[in-house]
2 protein chains.
Amino acid sequence: MENVTGKYLALSGGVGGAKLALGLSHVLTAEQLLVVANTGDDFEHMGLTICPDIDTLIYTLSDHNNKELGWGRDDESWQFMQACEELGLETWFQLGDKDLALHVYRARCLADGMSLSEVTRELCRRFNIATPIVPMSDDSVRTRVETSTGTLAFQEYFVKHRCAPVVKTIEYSGTDEADLSPDFLRLLQDPELQAVIICPSNPFLSIQPILSLPGLVSKLKELDKPIIVVSPIVEGQALKGPTAKMMQELNMECDVYGIAECYKDIANAMVIDHKDSGYVEKIEALGIKVCVSNIIMQSLQDRIDLAREVVQFSKQVYAGYR
Amino acid sequence: MENVTGKYLALSGGVGGAKLALGLSHVLTAEQLLVVANTGDDFEHMGLTICPDIDTLIYTLSDHNNKELGWGRDDESWQFMQACEELGLETWFQLGDKDLALHVYRARCLADGMSLSEVTRELCRRFNIATPIVPMSDDSVRTRVETSTGTLAFQEYFVKHRCAPVVKTIEYSGTDEADLSPDFLRLLQDPELQAVIICPSNPFLSIQPILSLPGLVSKLKELDKPIIVVSPIVEGQALKGPTAKMMQELNMECDVYGIAECYKDIANAMVIDHKDSGYVEKIEALGIKVCVSNIIMQSLQDRIDLAREVVQFSKQVYAGYR
């Protein structure tokens with residue numbers, strides 16, 4: 001992208017965030033962009049460590065995401081699952097035959113003592129992804145959802161129970177002892193950092209686990225640089241997943257203003273959709289600069305256009321800090 | 001089978017031995033038969049513990065063996081392998097998509113602290129196999145082949161190098177510290193034991209690893225019961241695999257007499273093919289009773305017929321001991 005200098009940090013969950021991350025990977029060079037993935041969704045399943053958000057980012061940025069399903073890997077088959085079903089093994093979490101190659105490889109590398117950052121770097125290399133994707137932490141952080149029917153591990157809530165139970169609170173188990181992953185920390189301390197972009201992901205399930213890492217919020221506040229939220233909500237509806245449902249259950253306003261309130265302590269800029277332009281004044285009253293754009297990304301070009309707009313907006317905001 | 005009492009122990013390797021084990025499972029009840037599998041072929045691969053002989057026995061006795069390939073599981077596909085190839089991962093050992101369900105399940109159970117005997121029992125249950133199949137040992141024994149091109153782990157020799165290197169010696173690493181698996185030991189001490197059947201498997205790669213276990217040979221000698229070898233060789237040719245080639249490389253006579261010599265310390269009976277009936281006198285001179293039969297098992301009925309003959313023969317031999 002012409003006239004873009006400096007480096008950008010993108011915080012992302014799975015499918016929704018990965019759309020913008022893909023766009024950003026088209027407008028920024030591999031040296032300019034670091035995508036930090038939520039790992040609160042990670043879980044141990046059948047002896048494998050599954051990292052749904054990292055995997056979605058890898059498949060999306062390598063153009064191996066399954067466009068029909070909206071999750072998982074392309075050109076997928078389910079013979080392994082069928083054999084598991086025949087054997088009476090767990091089948092609530094779908095593992096495709098090709099997807100398994102990634103999980104088996106990761107499990108072996110982790111067992112060999114590699115960090116999750118190292119395994120992820122190796123996976124990016126093997127998937128021919130230039131843009132670095134890193135986990136938020138190499139330590140285990142596990143999102144747990146306290147619901148009307150008891151406390152559930154994240155994937156149990158999300159996949160097994162399909163987000164049906166009413167959410168009371170959410171905790172990020174292990175976060176107190178978790179460190180930021182080395183590349184994440186390095187970029188936060190890099191004078192060339194221009195902006196932090198919070199991708200349109202679920203605030204509670206995808207972004208808050210990252211923000212829960214010790215010291216991160218104060219580091220972000222001290223940055224004095226643009227911290228831009230791209231709203232995951234348009235006209236009170238989540239672009240993807242249970243964001244709107246959870247906001248209601250957590251007694252929050254289920255609109256872009258509610259999202260702005262979630263992030264008001266750290267964010268100083270926000271990108272919302274044209275359809276929500278009526279909220280600009282209210283959000284700016286929180287001290288958050290607003291950019292109105294088309295944030296519903298259907299085509300690849302939509303992703304690239306939004307990414308370009310976010311980067312341009314960050315330059316304006318950045319200029320305001322100098 | 002009418003008039004069959006007592007218990008039978010079958011020592012088996014993979015495909016060849018599993019044919020007779022299947023036949024035996026048709027003529028003996030689940031309480032009468034214990035199949036002991038060689039685990040010298042086992043290896044750690046991509047973080048999974050692969051037990052080729054146990055797996056072949058499981059697939060064969062559950063009628064899930066792949067009849068077209070002659071190895072592996074039926075109704076198999078190879079999407080996992082294709083994904084591994086695309087990622088530049090190891091592909092020399094073929095793991096089918098359905099086969100993986102067994103390996104992933106086993107790896108998890110072993111990581112959870114289950115013994116190989118326990119995992120194998122659980123797999124038999126899930127595959128609806130009544131006949132118990134047990135590993136020779138729950139401890140790690142690994143066959144290593146010293147060849148003209150260096151020392152190779154068994155699967156490297158067998159699969160990666162397709163048995164091409166000339167064999168000098170074979171060792172069973174870890175055997176000194178390995179115990180017989182609990183069910184194996186229990187049946188050896190069971191007064192109801194009628195006979196030990198050595199299935200038509202490769203003597204060096206499939207049976208000798210079992211016999212290398214500390215104290216087993218002396219236990220077998222003390223039994224004073226029929227120990228019956230079913231020849232894996234007919235007319236100087238191996239029924240399956242590299243037995244004949246290895247006998248030549250190890251400077252042994254490559255015929256049923258060579259097989260008899262391999263086992264002369266422990267075996268007191270042997271079943272050979274009609275085509276080798278000229279060897280009867282020579283083998284009996286070693287103190288080994290001989291039964292001549294059709295040992296080339298093509299159909300299921302062939303397997304059952306040979307099993308019935310072996311059991312009948314064992315009764316005659318057993319009678320000679322009383």
# chains A, B, ... in the order shown; residues from 1 in each chain; ligands from 1
>>> closest_atom_pairs(of="chain A", to="chain B", cutoff="8 Å", atoms="only C-alpha atoms", output="CSV")
residue,atom,partner,partner_atom,distance
A:Met46,CA,B:Arg108,CA,5.8
A:Gly47,CA,B:Arg108,CA,4.6
A:Glu76,CA,B:Gln79,CA,7.9
A:Ser77,CA,B:Gln79,CA,7.2
A:Gln79,CA,B:Lys98,CA,5.6
A:Phe80,CA,B:Lys98,CA,4.6
A:Met81,CA,B:Ala101,CA,7.6
A:Gln82,CA,B:Lys98,CA,7.5
A:Ala83,CA,B:Lys98,CA,5.2
A:Cys84,CA,B:Ala101,CA,5.6
A:Leu87,CA,B:Arg126,CA,5.2
A:Gly88,CA,B:Arg126,CA,7.0
A:Asp97,CA,B:Phe80,CA,4.9
A:Lys98,CA,B:Phe80,CA,4.6
A:Asp99,CA,B:Phe80,CA,7.6
A:Leu100,CA,B:Phe80,CA,6.5
A:Ala101,CA,B:Cys84,CA,5.6
A:Val104,CA,B:Met46,CA,6.7
A:Tyr105,CA,B:Met46,CA,6.5
A:Ala107,CA,B:Gly47,CA,6.9
A:Arg108,CA,B:Gly47,CA,4.6
A:Ala111,CA,B:Gly47,CA,7.5
A:Arg126,CA,B:Leu87,CA,5.2
A:Phe127,CA,B:Leu87,CA,6.6
>>> residues_around(residues="segment 3-7 of chain B", least_positions_apart="2", cutoff="8 Å", atoms="only C-alpha atoms", output="ChimeraX atom specification")
/B:1,9,28,31-34,192-195
>>> atom_distance(atom1="atom CA of Cys163 of chain A", atom2="atom CA of Leu211 of chain A")
22.2 Å
>>> residues_around(residues="segment 257-260 of chain A", least_positions_apart="4", cutoff="7 Å", atoms="only C-alpha atoms", output="PyMOL selection string")
chain A and resi 231+252-253+264+279+283
>>> select_by_dssp(residues="segment 97-186 of chain B", states="helix (DSSP H, G or I)", output="VMD selection string")
chain B and resid 99 to 111 116 to 126 154 to 160 175 to 177 182 to 186
>>> write_last_selection(atoms="C-alpha atoms", output="PDB file, in the first residue's frame")
ATOM      1  CA  ASP B  99      -7.014 -45.834  10.611  1.00  0.00           C
ATOM      2  CA  LEU B 100      -6.121 -42.569  12.346  1.00  0.00           C
ATOM      3  CA  ALA B 101      -9.124 -42.863  14.650  1.00  0.00           C
ATOM      4  CA  LEU B 102      -7.464 -45.889  16.255  1.00  0.00           C
ATOM      5  CA  HIS B 103      -4.053 -44.222  16.520  1.00  0.00           C
ATOM      6  CA  VAL B 104      -5.345 -40.934  17.912  1.00  0.00           C
ATOM      7  CA  TYR B 105      -7.472 -42.785  20.439  1.00  0.00           C
ATOM      8  CA  ARG B 106      -4.562 -44.972  21.508  1.00  0.00           C
ATOM      9  CA  ALA B 107      -2.207 -42.013  21.838  1.00  0.00           C
ATOM     10  CA  ARG B 108      -4.664 -40.240  24.101  1.00  0.00           C
ATOM     11  CA  CYS B 109      -5.220 -43.312  26.270  1.00  0.00           C
ATOM     12  CA  LEU B 110      -1.479 -43.939  26.639  1.00  0.00           C
ATOM     13  CA  ALA B 111      -0.935 -40.274  27.500  1.00  0.00           C
ATOM     14  CA  LEU B 116      -0.973 -50.877  26.166  1.00  0.00           C
ATOM     15  CA  SER B 117      -2.876 -53.965  27.387  1.00  0.00           C
ATOM     16  CA  GLU B 118      -5.680 -51.775  28.682  1.00  0.00           C
ATOM     17  CA  VAL B 119      -5.868 -49.689  25.519  1.00  0.00           C
ATOM     18  CA  THR B 120      -5.869 -52.828  23.380  1.00  0.00           C
ATOM     19  CA  ARG B 121      -8.660 -54.368  25.456  1.00  0.00           C
ATOM     20  CA  GLU B 122     -10.675 -51.180  25.031  1.00  0.00           C
ATOM     21  CA  LEU B 123     -10.036 -51.168  21.280  1.00  0.00           C
ATOM     22  CA  CYS B 124     -11.166 -54.813  21.015  1.00  0.00           C
ATOM     23  CA  ARG B 125     -14.353 -53.880  22.848  1.00  0.00           C
ATOM     24  CA  ARG B 126     -15.022 -50.943  20.544  1.00  0.00           C
ATOM     25  CA  PHE B 154      12.188 -51.685  12.162  1.00  0.00           C
ATOM     26  CA  GLN B 155       9.666 -49.558  10.284  1.00  0.00           C
ATOM     27  CA  GLU B 156      12.456 -47.712   8.524  1.00  0.00           C
ATOM     28  CA  TYR B 157      13.790 -51.050   7.329  1.00  0.00           C
ATOM     29  CA  PHE B 158      10.382 -52.507   6.550  1.00  0.00           C
ATOM     30  CA  VAL B 159       8.434 -49.582   5.110  1.00  0.00           C
ATOM     31  CA  LYS B 160      10.830 -46.763   4.310  1.00  0.00           C
ATOM     32  CA  THR B 175      13.658 -56.427  25.858  1.00  0.00           C
ATOM     33  CA  ASP B 176      15.959 -56.900  28.867  1.00  0.00           C
ATOM     34  CA  GLU B 177      13.743 -54.659  30.973  1.00  0.00           C
ATOM     35  CA  PRO B 182      -0.298 -59.573  32.563  1.00  0.00           C
ATOM     36  CA  ASP B 183      -2.775 -61.683  30.534  1.00  0.00           C
ATOM     37  CA  PHE B 184       0.040 -63.381  28.631  1.00  0.00           C
ATOM     38  CA  LEU B 185       1.815 -64.337  31.863  1.00  0.00           C
ATOM     39  CA  ARG B 186      -1.443 -65.456  33.483  1.00  0.00           C
TER      40      ARG B 186
END
>>> atom_distance(atom1="atom CA of Ser115 of chain A", atom2="atom CA of Gln189 of chain A")
21.3 Å
>>> closest_residue(among="A:Thr169, A:Glu249, A:Cys199, A:Glu222", to="Ile272 of chain A", atoms="only C-alpha atoms")
A:Cys199
>>> residues_around(residues="Val141 of chain B", least_positions_apart="4", cutoff="9 Å", atoms="only C-alpha atoms", output="PyMOL selection string")
chain B and resi 39-42+137+172-178+209+213
>>> write_last_selection(atoms="C-alpha atoms", output="compact mmCIF listing (two decimals), in the first residue's frame")
# COMPACT_ATOMS: atom_id res chain seq x y z
CA THR B 39 5.05 -55.22 19.61
CA GLY B 40 8.64 -55.09 18.36
CA ASP B 41 7.29 -53.39 15.22
CA ASP B 42 5.69 -50.61 17.24
CA SER B 137 4.47 -56.65 26.81
CA TYR B 172 15.21 -56.22 20.23
CA SER B 173 15.97 -53.03 22.05
CA GLY B 174 14.48 -52.75 25.53
CA THR B 175 13.66 -56.43 25.86
CA ASP B 176 15.96 -56.90 28.87
CA GLU B 177 13.74 -54.66 30.97
CA ALA B 178 10.40 -55.76 29.53
CA PRO B 209 10.78 -60.32 19.63
CA LEU B 213 11.25 -61.41 26.57
>>> atom_distance(atom1="atom CA of Ile210 of chain B", atom2="atom CA of Leu95 of chain B")
25.4 Å
>>> residues_around(residues="Asn65 of chain A", least_positions_apart="2", cutoff="12 Å", atoms="only C-alpha atoms", output="ChimeraX atom specification")
/A:14-15,18-19,22,55-63,67-76,98-99,127
>>> residues_around(residues="Arg144 of chain B", least_positions_apart="5", cutoff="6 Å", atoms="only C-alpha atoms", output="MDAnalysis selection string")
chainID B and resid 152:154 170:171
>>> write_last_selection(atoms="N, CA and C atoms", output="short mmCIF file (atom, residue, chain, number, x, y, z; two decimals), in the first residue's frame")
data_model
loop_
_atom_site.label_atom_id
_atom_site.label_comp_id
_atom_site.auth_asym_id
_atom_site.auth_seq_id
_atom_site.Cartn_x
_atom_site.Cartn_y
_atom_site.Cartn_z
N LEU B 152 18.88 -49.82 11.41
CA LEU B 152 17.60 -49.17 11.10
C LEU B 152 16.54 -49.57 12.12
N ALA B 153 15.72 -48.61 12.53
CA ALA B 153 14.52 -48.95 13.29
C ALA B 153 13.65 -49.81 12.37
N PHE B 154 12.88 -50.70 12.98
CA PHE B 154 12.19 -51.69 12.16
C PHE B 154 11.37 -51.08 11.03
N ILE B 170 19.70 -58.81 14.01
CA ILE B 170 18.49 -58.13 14.47
C ILE B 170 18.55 -58.07 15.99
N GLU B 171 18.22 -56.92 16.55
CA GLU B 171 18.17 -56.85 18.01
C GLU B 171 16.83 -56.29 18.45
#
>>> closest_residue(among="B:Gly13, B:Gly320, B:Gly287, B:Gly241", to="Val134 of chain B", atoms="only C-alpha atoms")
B:Gly13
